[in-house]
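Engineer: Okay, handing you the structure first.
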Amino acid sequence: MSRTVYVNGQYLPEEDATVSIFDRGFLMADGVYEVTSVLDGKLLEFDGHLKRLERSLNELGMDKPEAFDGLLEIHRELVARNNVDQGGVYLQITRGAADRDFVFPKDAKPTLVMFTQSKPLLDTAASENGLKVIFLEDIRWGRRDIKTVQLLYPSMGKMMAKAEGCDDAWLVEDGFVTEGTSNNAYIVKDGKIITRDLSTDILHGITRASILKYAEEAQMVFEERPFTPEEAKEADEAFISSASTFVMPIVEIDGSTIGDGKPGATTQRLREIYIEESRKRAI
Ligand code: PDD
């Protein structure tokens with residue numbers, strides 16, 4: 001069934017929606033994005049995603065599209081028009097269309113594109129059984145805190161993982177895990193949750209921020225510091241977080257079984273807390 005999507009002020013059937021071939025998102029990956037999850041037809045963590053979007057735009061000196069202040073309404077309208085119960089809303093802003101040039105155009109109008117994706121987020125095979133990850137060298141650029149649409153290496157990473165019978169890759173730089181290809185990475189050792197501290201090396205996950213807040217409220221112990229691939233392989237539990245996976249157990253890392261090969265107790269508890277709390281706050 002055809003979706004209704006949003007492009008630069010218009011709601012259109014997806015097959016009628018177009019963007020210029022000169023769009024800098026297309027030519028230069030000169031664009032940023034957000035993925036906001038939908039549960040029970042409501043948006044999760046909308047404020048967090050909006051704030052990070054604004055930060056990404058600022059860091060790249062990109063103008064806000066005219067519709068910026070109406071983004072909540074557009075999200076809701078798309079969810080309603082497409083009857084989304086579970087899934088997400090994808091939003092992309094680019095610097096706009098201009099004749100190809102490395103220099104930023106002076107008067108291009110930002111492009112705003114949004115669409116929904118319906119998919120089950122709760123009680124999936126992945127959340128019941130856990131995922132397997134491999135390690136890959138992190139060769140992405142140095143500003144991973146900006147959520148740009150330069151996703152070729154993450155995409156290749158997932159393909160390399162699949163070729164090895166796994167689900168995803170954890171990226172490693174200078175002997176430490178940075179994050180997953182499209183998620184933040186965590187291990188649990190002796191009851192302590194360990195995840196890399198924030199810097200330009202990783203995306204500042206909106207889900208990550210909430211998980212750490214809820215973990216603290218539940219008096220769970222956590223530490224924000226880089227961990228090594230060896231520590232990861234010897235962890236009691238491991239998991240990832242992102243808007244689209246919430247808290248997702250990892251049961252195998254680079255061929256080593258984690259714990260007893262089933263999702264760990266701390267991971268499962270955090271997943272339950274995260275879903276319950278974000279459901280309560282959904283708008
Ligand atoms: N990915 N790290 C990377 C590299 C990511 O791409 C993402 C999100 C995260 C988690 O951020 P958040 O919790 O705010 O979703 C961490 C999205 C979901 C994607 O690309 O589809």
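Convention: chains lettered A, B, ... in structure tokens order; per-chain residue numbering from 1; ligands numbered from 1 as shown.
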If we count only C-alpha atoms, what is near Gly157 in chain A at a cut-off of 9 Å, once residues fewer than 5 positions away on the same chain are taken out, given as a list in words?
Structural biologist: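 With the cut-off at 9 Å, the set is Leu136, Leu152, Lys162, Asp168, Ala169, Trp170, Leu171 and Thr181 of chain A.
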Engineer: How would you report the residues lying within 7 Å of ligand 1, as a ChimeraX atom specification, if you count only C-alpha atoms and all ligand atoms?
Structural biologist: /A:35,49,179-184,202-208,241-244
Engineer: At most 12 Å is the cut-off: for each residue in range 12-127 of chain A with any atom that close to an atom of range 259-270 of chain A, write down the nearest atom pair and the distance in Å rounded to one decimal, counting only C-alpha atoms, chain first then increasing number, as a Markdown table.
Structural biologist:
```
| residue | atom | partner | partner_atom | distance |
| --- | --- | --- | --- | --- |
| A:Asp123 | CA | A:Gln268 | CA | 11.5 |
| A:Ala125 | CA | A:Pro263 | CA | 11.6 |
| A:Ala126 | CA | A:Pro263 | CA | 9.8 |
| A:Ser127 | CA | A:Pro263 | CA | 8.0 |
```
Engineer: Using DSSP on the backbone, list every residue of range 91-126 of chain A that comes out as strand (DSSP E or B), and give them as a PyMOL selection string.
Structural biologist: chain A and resi 91-94+97+111-118
Engineer: Taking all heavy atoms for each residue, export the selection above as a short mmCIF file (atom, residue, chain, number, x, y, z; two decimals), in the first residue's frame.
Structural biologist:
```
data_model
loop_
_atom_site.label_atom_id
_atom_site.label_comp_id
_atom_site.auth_asym_id
_atom_site.auth_seq_id
_atom_site.Cartn_x
_atom_site.Cartn_y
_atom_site.Cartn_z
N LEU A 91 13.15 11.33 9.33
CA LEU A 91 13.18 12.74 8.93
C LEU A 91 14.57 13.06 8.39
O LEU A 91 15.56 12.67 9.01
CB LEU A 91 12.90 13.60 10.17
CG LEU A 91 13.05 15.12 10.07
CD1 LEU A 91 12.25 15.77 11.18
CD2 LEU A 91 14.49 15.57 10.16
N GLN A 92 14.63 13.73 7.26
CA GLN A 92 15.92 14.14 6.71
C GLN A 92 15.88 15.59 6.28
O GLN A 92 14.92 16.03 5.63
CB GLN A 92 16.29 13.24 5.53
CG GLN A 92 17.61 13.61 4.90
CD GLN A 92 18.10 12.57 3.90
OE1 GLN A 92 17.84 11.38 4.06
NE2 GLN A 92 18.80 13.00 2.88
N ILE A 93 16.91 16.33 6.65
CA ILE A 93 17.06 17.71 6.18
C ILE A 93 18.40 17.80 5.45
O ILE A 93 19.42 17.34 5.98
CB ILE A 93 17.05 18.71 7.37
CG1 ILE A 93 15.71 18.67 8.10
CG2 ILE A 93 17.34 20.14 6.87
CD1 ILE A 93 15.69 19.48 9.39
N THR A 94 18.37 18.36 4.26
CA THR A 94 19.64 18.59 3.55
C THR A 94 19.82 20.09 3.34
O THR A 94 18.89 20.87 3.54
CB THR A 94 19.67 17.89 2.17
OG1 THR A 94 18.86 18.64 1.26
CG2 THR A 94 19.15 16.46 2.25
N ALA A 97 19.06 22.19 -2.80
CA ALA A 97 19.54 21.97 -4.17
C ALA A 97 20.31 23.19 -4.66
O ALA A 97 19.87 24.32 -4.49
CB ALA A 97 18.35 21.70 -5.08
N THR A 111 16.08 21.19 2.20
CA THR A 111 15.08 20.19 1.81
C THR A 111 14.66 19.44 3.07
O THR A 111 15.51 19.04 3.86
CB THR A 111 15.71 19.18 0.82
OG1 THR A 111 16.16 19.89 -0.32
CG2 THR A 111 14.71 18.11 0.41
N LEU A 112 13.35 19.25 3.23
CA LEU A 112 12.84 18.47 4.36
C LEU A 112 11.99 17.33 3.82
O LEU A 112 11.02 17.55 3.10
CB LEU A 112 12.00 19.36 5.28
CG LEU A 112 11.18 18.65 6.38
CD1 LEU A 112 12.07 17.88 7.35
CD2 LEU A 112 10.33 19.68 7.14
N VAL A 113 12.39 16.12 4.16
CA VAL A 113 11.67 14.92 3.71
C VAL A 113 11.34 14.08 4.94
O VAL A 113 12.18 13.90 5.81
CB VAL A 113 12.57 14.09 2.75
CG1 VAL A 113 11.95 12.74 2.48
CG2 VAL A 113 12.81 14.84 1.46
N MET A 114 10.12 13.59 5.01
CA MET A 114 9.75 12.71 6.11
C MET A 114 8.86 11.58 5.60
O MET A 114 8.03 11.79 4.73
CB MET A 114 8.99 13.49 7.19
CG MET A 114 9.87 14.45 7.97
SD MET A 114 8.95 15.58 9.00
CE MET A 114 8.17 14.46 10.12
N PHE A 115 9.05 10.39 6.18
CA PHE A 115 8.16 9.27 5.86
C PHE A 115 8.09 8.32 7.05
O PHE A 115 8.94 8.35 7.94
CB PHE A 115 8.61 8.54 4.59
CG PHE A 115 10.01 8.00 4.61
CD1 PHE A 115 10.31 6.80 5.22
CD2 PHE A 115 11.05 8.72 4.01
CE1 PHE A 115 11.62 6.31 5.24
CE2 PHE A 115 12.35 8.23 4.02
CZ PHE A 115 12.64 7.02 4.64
N THR A 116 7.06 7.49 7.05
CA THR A 116 6.88 6.54 8.15
C THR A 116 7.30 5.14 7.71
O THR A 116 7.31 4.83 6.52
CB THR A 116 5.41 6.47 8.57
OG1 THR A 116 4.63 6.14 7.42
CG2 THR A 116 4.92 7.79 9.15
N GLN A 117 7.62 4.31 8.68
CA GLN A 117 7.84 2.88 8.43
C GLN A 117 7.10 2.11 9.52
O GLN A 117 7.34 2.36 10.71
CB GLN A 117 9.33 2.54 8.47
CG GLN A 117 10.11 3.10 7.27
CD GLN A 117 11.57 2.69 7.28
OE1 GLN A 117 12.29 2.93 8.23
NE2 GLN A 117 12.00 2.05 6.21
N SER A 118 6.21 1.22 9.12
CA SER A 118 5.50 0.39 10.11
C SER A 118 6.29 -0.90 10.30
O SER A 118 6.61 -1.56 9.31
CB SER A 118 4.10 0.05 9.62
OG SER A 118 3.26 1.17 9.78
#
```
Engineer: Which residues come within 12 Å of Ser256 in chain A, counting only C-alpha atoms, excluding same-chain residues fewer than 6 positions away, as a compact mmCIF listing (two decimals) with N, CA, C and O atoms, in the first residue's frame?
Structural biologist:
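To be explicit, this is the file written out as around.txt:
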```
# COMPACT_ATOMS: atom_id res chain seq x y z
N LYS A 132 23.87 -11.33 17.24
CA LYS A 132 25.30 -11.66 17.19
C LYS A 132 26.03 -10.53 16.48
O LYS A 132 25.58 -10.07 15.43
N VAL A 133 27.15 -10.12 17.05
CA VAL A 133 27.93 -9.05 16.41
C VAL A 133 29.37 -9.48 16.14
O VAL A 133 29.91 -10.36 16.82
N ILE A 134 29.95 -8.86 15.13
CA ILE A 134 31.39 -9.03 14.85
C ILE A 134 32.08 -7.70 15.18
O ILE A 134 31.40 -6.68 15.40
N PHE A 135 33.39 -7.70 15.19
CA PHE A 135 34.13 -6.44 15.33
C PHE A 135 34.62 -5.99 13.96
O PHE A 135 35.01 -6.80 13.13
N PRO A 229 37.61 -4.68 23.12
CA PRO A 229 36.97 -5.86 22.52
C PRO A 229 37.12 -7.09 23.42
O PRO A 229 36.19 -7.89 23.53
N GLU A 230 38.28 -7.23 24.10
CA GLU A 230 38.51 -8.38 24.98
C GLU A 230 37.53 -8.35 26.15
O GLU A 230 36.93 -9.37 26.51
N GLU A 231 37.37 -7.16 26.76
CA GLU A 231 36.39 -7.03 27.85
C GLU A 231 34.99 -7.41 27.38
O GLU A 231 34.23 -8.05 28.09
N ALA A 232 34.68 -6.99 26.16
CA ALA A 232 33.34 -7.27 25.61
C ALA A 232 33.12 -8.78 25.49
O ALA A 232 32.07 -9.30 25.86
N LYS A 233 34.15 -9.47 24.99
CA LYS A 233 34.00 -10.92 24.77
C LYS A 233 33.87 -11.68 26.09
O LYS A 233 33.30 -12.77 26.13
N GLU A 234 34.40 -11.08 27.16
CA GLU A 234 34.32 -11.74 28.47
C GLU A 234 33.21 -11.19 29.36
O GLU A 234 33.13 -11.52 30.55
N ALA A 235 32.37 -10.34 28.79
CA ALA A 235 31.31 -9.72 29.60
C ALA A 235 30.27 -10.75 30.03
O ALA A 235 30.13 -11.80 29.40
N ASP A 236 29.53 -10.42 31.10
CA ASP A 236 28.43 -11.29 31.54
C ASP A 236 27.21 -11.10 30.63
O ASP A 236 26.45 -12.03 30.41
N GLU A 237 27.04 -9.83 30.17
CA GLU A 237 25.92 -9.51 29.27
C GLU A 237 26.38 -8.42 28.32
O GLU A 237 27.36 -7.72 28.60
N ALA A 238 25.66 -8.27 27.25
CA ALA A 238 25.93 -7.16 26.32
C ALA A 238 24.62 -6.78 25.65
O ALA A 238 23.71 -7.60 25.54
N ILE A 250 22.64 -8.68 23.10
CA ILE A 250 23.68 -9.28 22.26
C ILE A 250 24.10 -10.58 22.95
O ILE A 250 24.40 -10.57 24.15
```
Engineer: Under the rule that only C-alpha atoms are counted, which of A:Glu14, A:Glu59, A:Glu252, A:Glu173 is the nearest residue to Asn82 in chain A?
Structural biologist: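 Using only C-alpha atoms, Asn82 in chain A sits closest to A:Glu14.
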Engineer: Any idea what's packed within 12 Å of Met28 in chain A, counting only C-alpha atoms, ignoring anything in its chain fewer than 6 positions away? Could you give it as a ChimeraX atom specification?
Structural biologist: /A:21-22,94-104,148-150
Engineer: Nearest residue to Phe176 in chain A out of A:Thr124, A:Thr195, A:Gln10, A:Thr228, using only C-alpha atoms?
Structural biologist: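 So, comparing all the options, the nearest one is A:Thr228.
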Engineer: Set the distance at 12 Å and use only C-alpha atoms: which residues neighbour Phe68 in chain A once local chain neighbours fewer than 3 positions away are removed? I'd like the list as an mmCIF file with N, CA, C and O atoms, in the first residue's frame.
Structural biologist:
```cif
data_model
loop_
_atom_site.group_PDB
_atom_site.id
_atom_site.type_symbol
_atom_site.label_atom_id
_atom_site.label_comp_id
_atom_site.auth_asym_id
_atom_site.auth_seq_id
_atom_site.Cartn_x
_atom_site.Cartn_y
_atom_site.Cartn_z
ATOM 1 N N ASN A 8 8.946 18.966 1.677
ATOM 2 C CA ASN A 8 8.939 20.437 1.556
ATOM 3 C C ASN A 8 7.541 21.057 1.585
ATOM 4 O O ASN A 8 7.146 21.757 0.647
ATOM 5 N N GLY A 9 6.795 20.757 2.634
ATOM 6 C CA GLY A 9 5.512 21.423 2.813
ATOM 7 C C GLY A 9 4.316 20.692 2.240
ATOM 8 O O GLY A 9 3.182 21.141 2.397
ATOM 9 N N LEU A 50 14.386 16.152 18.536
ATOM 10 C CA LEU A 50 14.328 17.507 17.982
ATOM 11 C C LEU A 50 15.554 18.320 18.406
ATOM 12 O O LEU A 50 16.157 19.033 17.598
ATOM 13 N N LYS A 51 15.917 18.172 19.681
ATOM 14 C CA LYS A 51 17.104 18.912 20.183
ATOM 15 C C LYS A 51 18.366 18.465 19.459
ATOM 16 O O LYS A 51 19.198 19.280 19.085
ATOM 17 N N LEU A 53 18.550 17.138 16.504
ATOM 18 C CA LEU A 53 18.449 17.601 15.115
ATOM 19 C C LEU A 53 18.943 19.042 15.010
ATOM 20 O O LEU A 53 19.726 19.391 14.124
ATOM 21 N N GLU A 54 18.494 19.871 15.950
ATOM 22 C CA GLU A 54 18.889 21.278 15.947
ATOM 23 C C GLU A 54 20.403 21.400 16.126
ATOM 24 O O GLU A 54 21.069 22.195 15.455
ATOM 25 N N LEU A 57 22.205 20.443 12.868
ATOM 26 C CA LEU A 57 22.113 21.546 11.902
ATOM 27 C C LEU A 57 23.108 22.646 12.258
ATOM 28 O O LEU A 57 23.840 23.150 11.399
ATOM 29 N N ASP A 63 20.865 25.742 7.507
ATOM 30 C CA ASP A 63 19.648 26.460 7.917
ATOM 31 C C ASP A 63 18.549 25.479 8.292
ATOM 32 O O ASP A 63 18.473 24.380 7.757
ATOM 33 N N LYS A 64 17.667 25.952 9.183
ATOM 34 C CA LYS A 64 16.479 25.149 9.498
ATOM 35 C C LYS A 64 15.467 25.314 8.368
ATOM 36 O O LYS A 64 15.325 26.425 7.839
ATOM 37 N N PRO A 65 14.746 24.261 8.034
ATOM 38 C CA PRO A 65 13.673 24.452 7.045
ATOM 39 C C PRO A 65 12.550 25.289 7.661
ATOM 40 O O PRO A 65 12.415 25.342 8.888
ATOM 41 N N LEU A 71 7.365 20.680 13.296
ATOM 42 C CA LEU A 71 7.757 19.275 13.075
ATOM 43 C C LEU A 71 6.934 18.270 13.869
ATOM 44 O O LEU A 71 6.641 17.182 13.384
ATOM 45 N N LEU A 72 6.538 18.650 15.083
ATOM 46 C CA LEU A 72 5.732 17.708 15.880
ATOM 47 C C LEU A 72 4.407 17.419 15.164
ATOM 48 O O LEU A 72 3.991 16.265 15.031
ATOM 49 N N GLU A 73 3.782 18.482 14.680
ATOM 50 C CA GLU A 73 2.501 18.327 13.969
ATOM 51 C C GLU A 73 2.657 17.444 12.730
ATOM 52 O O GLU A 73 1.817 16.594 12.451
ATOM 53 N N ILE A 74 3.736 17.649 11.994
ATOM 54 C CA ILE A 74 3.950 16.863 10.762
ATOM 55 C C ILE A 74 4.184 15.386 11.126
ATOM 56 O O ILE A 74 3.643 14.484 10.490
ATOM 57 N N HIS A 75 4.963 15.161 12.182
ATOM 58 C CA HIS A 75 5.168 13.771 12.635
ATOM 59 C C HIS A 75 3.811 13.121 12.936
ATOM 60 O O HIS A 75 3.515 12.017 12.498
ATOM 61 N N LEU A 91 13.151 11.332 9.326
ATOM 62 C CA LEU A 91 13.182 12.743 8.931
ATOM 63 C C LEU A 91 14.568 13.063 8.393
ATOM 64 O O LEU A 91 15.564 12.674 9.007
ATOM 65 N N GLN A 92 14.625 13.734 7.265
ATOM 66 C CA GLN A 92 15.923 14.140 6.714
ATOM 67 C C GLN A 92 15.876 15.590 6.275
ATOM 68 O O GLN A 92 14.923 16.027 5.633
ATOM 69 N N ILE A 93 16.906 16.330 6.649
ATOM 70 C CA ILE A 93 17.060 17.708 6.185
ATOM 71 C C ILE A 93 18.395 17.796 5.454
ATOM 72 O O ILE A 93 19.416 17.339 5.977
ATOM 73 N N PRO A 110 16.756 24.708 2.456
ATOM 74 C CA PRO A 110 16.896 23.336 2.950
ATOM 75 C C PRO A 110 15.749 22.438 2.471
ATOM 76 O O PRO A 110 14.618 22.888 2.326
ATOM 77 N N THR A 111 16.084 21.188 2.201
ATOM 78 C CA THR A 111 15.084 20.191 1.813
ATOM 79 C C THR A 111 14.664 19.439 3.065
ATOM 80 O O THR A 111 15.510 19.041 3.863
ATOM 81 N N LEU A 112 13.354 19.253 3.232
ATOM 82 C CA LEU A 112 12.841 18.475 4.364
ATOM 83 C C LEU A 112 11.988 17.328 3.822
ATOM 84 O O LEU A 112 11.024 17.555 3.098
ATOM 85 N N VAL A 113 12.387 16.120 4.156
ATOM 86 C CA VAL A 113 11.673 14.925 3.715
ATOM 87 C C VAL A 113 11.337 14.084 4.937
ATOM 88 O O VAL A 113 12.182 13.898 5.811
#
```
Engineer: Kindly give the distance, in Å, that separates CA of Val38 in chain A and CA of Gly88 in chain A, rounded to a single decimal.
Structural biologist: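 These two atoms are separated by 4.9 Å.
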Engineer: Using DSSP assignments from the backbone, pull out every residue in range 55-150 of chain A that falls under helix (DSSP H, G or I) and give it to me as an NGL selection string.
Structural biologist: :A and (55-59 or 66-81 or 125-129)
Engineer: Take the residues just selected and output them with N, CA and C atoms as a short mmCIF file (atom, residue, chain, number, x, y, z; two decimals), in the first residue's frame.
Structural biologist:
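Final file, result22.cif:
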```cif
data_model
loop_
_atom_site.label_atom_id
_atom_site.label_comp_id
_atom_site.auth_asym_id
_atom_site.auth_seq_id
_atom_site.Cartn_x
_atom_site.Cartn_y
_atom_site.Cartn_z
N ARG A 55 20.95 20.55 16.99
CA ARG A 55 22.40 20.56 17.23
C ARG A 55 23.15 20.14 15.96
N SER A 56 22.68 19.08 15.29
CA SER A 56 23.32 18.63 14.05
C SER A 56 23.34 19.75 13.02
N LEU A 57 22.20 20.44 12.87
CA LEU A 57 22.11 21.55 11.90
C LEU A 57 23.11 22.65 12.26
N ASN A 58 23.16 23.00 13.54
CA ASN A 58 24.08 24.05 13.99
C ASN A 58 25.52 23.69 13.72
N GLU A 59 25.88 22.45 14.03
CA GLU A 59 27.27 22.02 13.87
C GLU A 59 27.71 22.09 12.41
N GLU A 66 11.76 25.92 6.79
CA GLU A 66 10.67 26.78 7.27
C GLU A 66 9.76 26.05 8.25
N ALA A 67 9.55 24.77 8.00
CA ALA A 67 8.57 24.01 8.80
C ALA A 67 9.12 23.54 10.15
N PHE A 68 10.33 23.99 10.52
CA PHE A 68 10.98 23.41 11.70
C PHE A 68 10.10 23.45 12.95
N ASP A 69 9.44 24.60 13.19
CA ASP A 69 8.64 24.71 14.41
C ASP A 69 7.37 23.87 14.36
N GLY A 70 7.04 23.38 13.18
CA GLY A 70 5.83 22.56 13.06
C GLY A 70 6.13 21.07 12.96
N LEU A 71 7.36 20.68 13.30
CA LEU A 71 7.76 19.27 13.08
C LEU A 71 6.93 18.27 13.87
N LEU A 72 6.54 18.65 15.08
CA LEU A 72 5.73 17.71 15.88
C LEU A 72 4.41 17.42 15.16
N GLU A 73 3.78 18.48 14.68
CA GLU A 73 2.50 18.33 13.97
C GLU A 73 2.66 17.44 12.73
N ILE A 74 3.74 17.65 11.99
CA ILE A 74 3.95 16.86 10.76
C ILE A 74 4.18 15.39 11.13
N HIS A 75 4.96 15.16 12.18
CA HIS A 75 5.17 13.77 12.64
C HIS A 75 3.81 13.12 12.94
N ARG A 76 3.01 13.85 13.72
CA ARG A 76 1.70 13.28 14.13
C ARG A 76 0.79 13.05 12.94
N GLU A 77 0.82 13.99 12.00
CA GLU A 77 -0.04 13.89 10.82
C GLU A 77 0.36 12.66 9.98
N LEU A 78 1.67 12.44 9.84
CA LEU A 78 2.13 11.28 9.07
C LEU A 78 1.77 9.97 9.75
N VAL A 79 1.91 9.95 11.08
CA VAL A 79 1.56 8.73 11.83
C VAL A 79 0.07 8.44 11.65
N ALA A 80 -0.75 9.50 11.73
CA ALA A 80 -2.20 9.33 11.60
C ALA A 80 -2.57 8.91 10.17
N ARG A 81 -2.04 9.63 9.18
CA ARG A 81 -2.42 9.33 7.79
C ARG A 81 -2.00 7.93 7.37
N ALA A 125 11.82 -11.57 17.26
CA ALA A 125 12.76 -12.69 17.41
C ALA A 125 14.08 -12.17 17.97
N ALA A 126 14.50 -10.99 17.52
CA ALA A 126 15.77 -10.42 17.99
C ALA A 126 15.73 -10.13 19.48
N SER A 127 14.62 -9.57 19.96
CA SER A 127 14.57 -9.23 21.39
C SER A 127 14.44 -10.49 22.26
N GLU A 128 13.86 -11.55 21.73
CA GLU A 128 13.73 -12.81 22.49
C GLU A 128 15.05 -13.58 22.52
N ASN A 129 15.72 -13.63 21.36
CA ASN A 129 16.91 -14.48 21.24
C ASN A 129 18.23 -13.74 21.33
#
```
Engineer: Please determine, counting only C-alpha atoms, which residue among A:Asp138, A:Gly130, A:Lys109, A:Arg271 has the shortest atom-to-atom distance to Asp23 in chain A.
Structural biologist: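 Nearest to Asp23 in chain A: A:Lys109.
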Engineer: For Ala185 in chain A, which of A:Arg225, A:Arg140, A:Arg24, A:Arg3 is the closest residue, counting only C-alpha atoms?
Structural biologist: A:Arg225
Engineer: Suppose you want the space between CA of Leu27 in chain A and CA of Met159 in chain A; what is it in Å?
Structural biologist: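 So the two atoms, CA of Leu27 in chain A and CA of Met159 in chain A, lie 23.4 Å apart.
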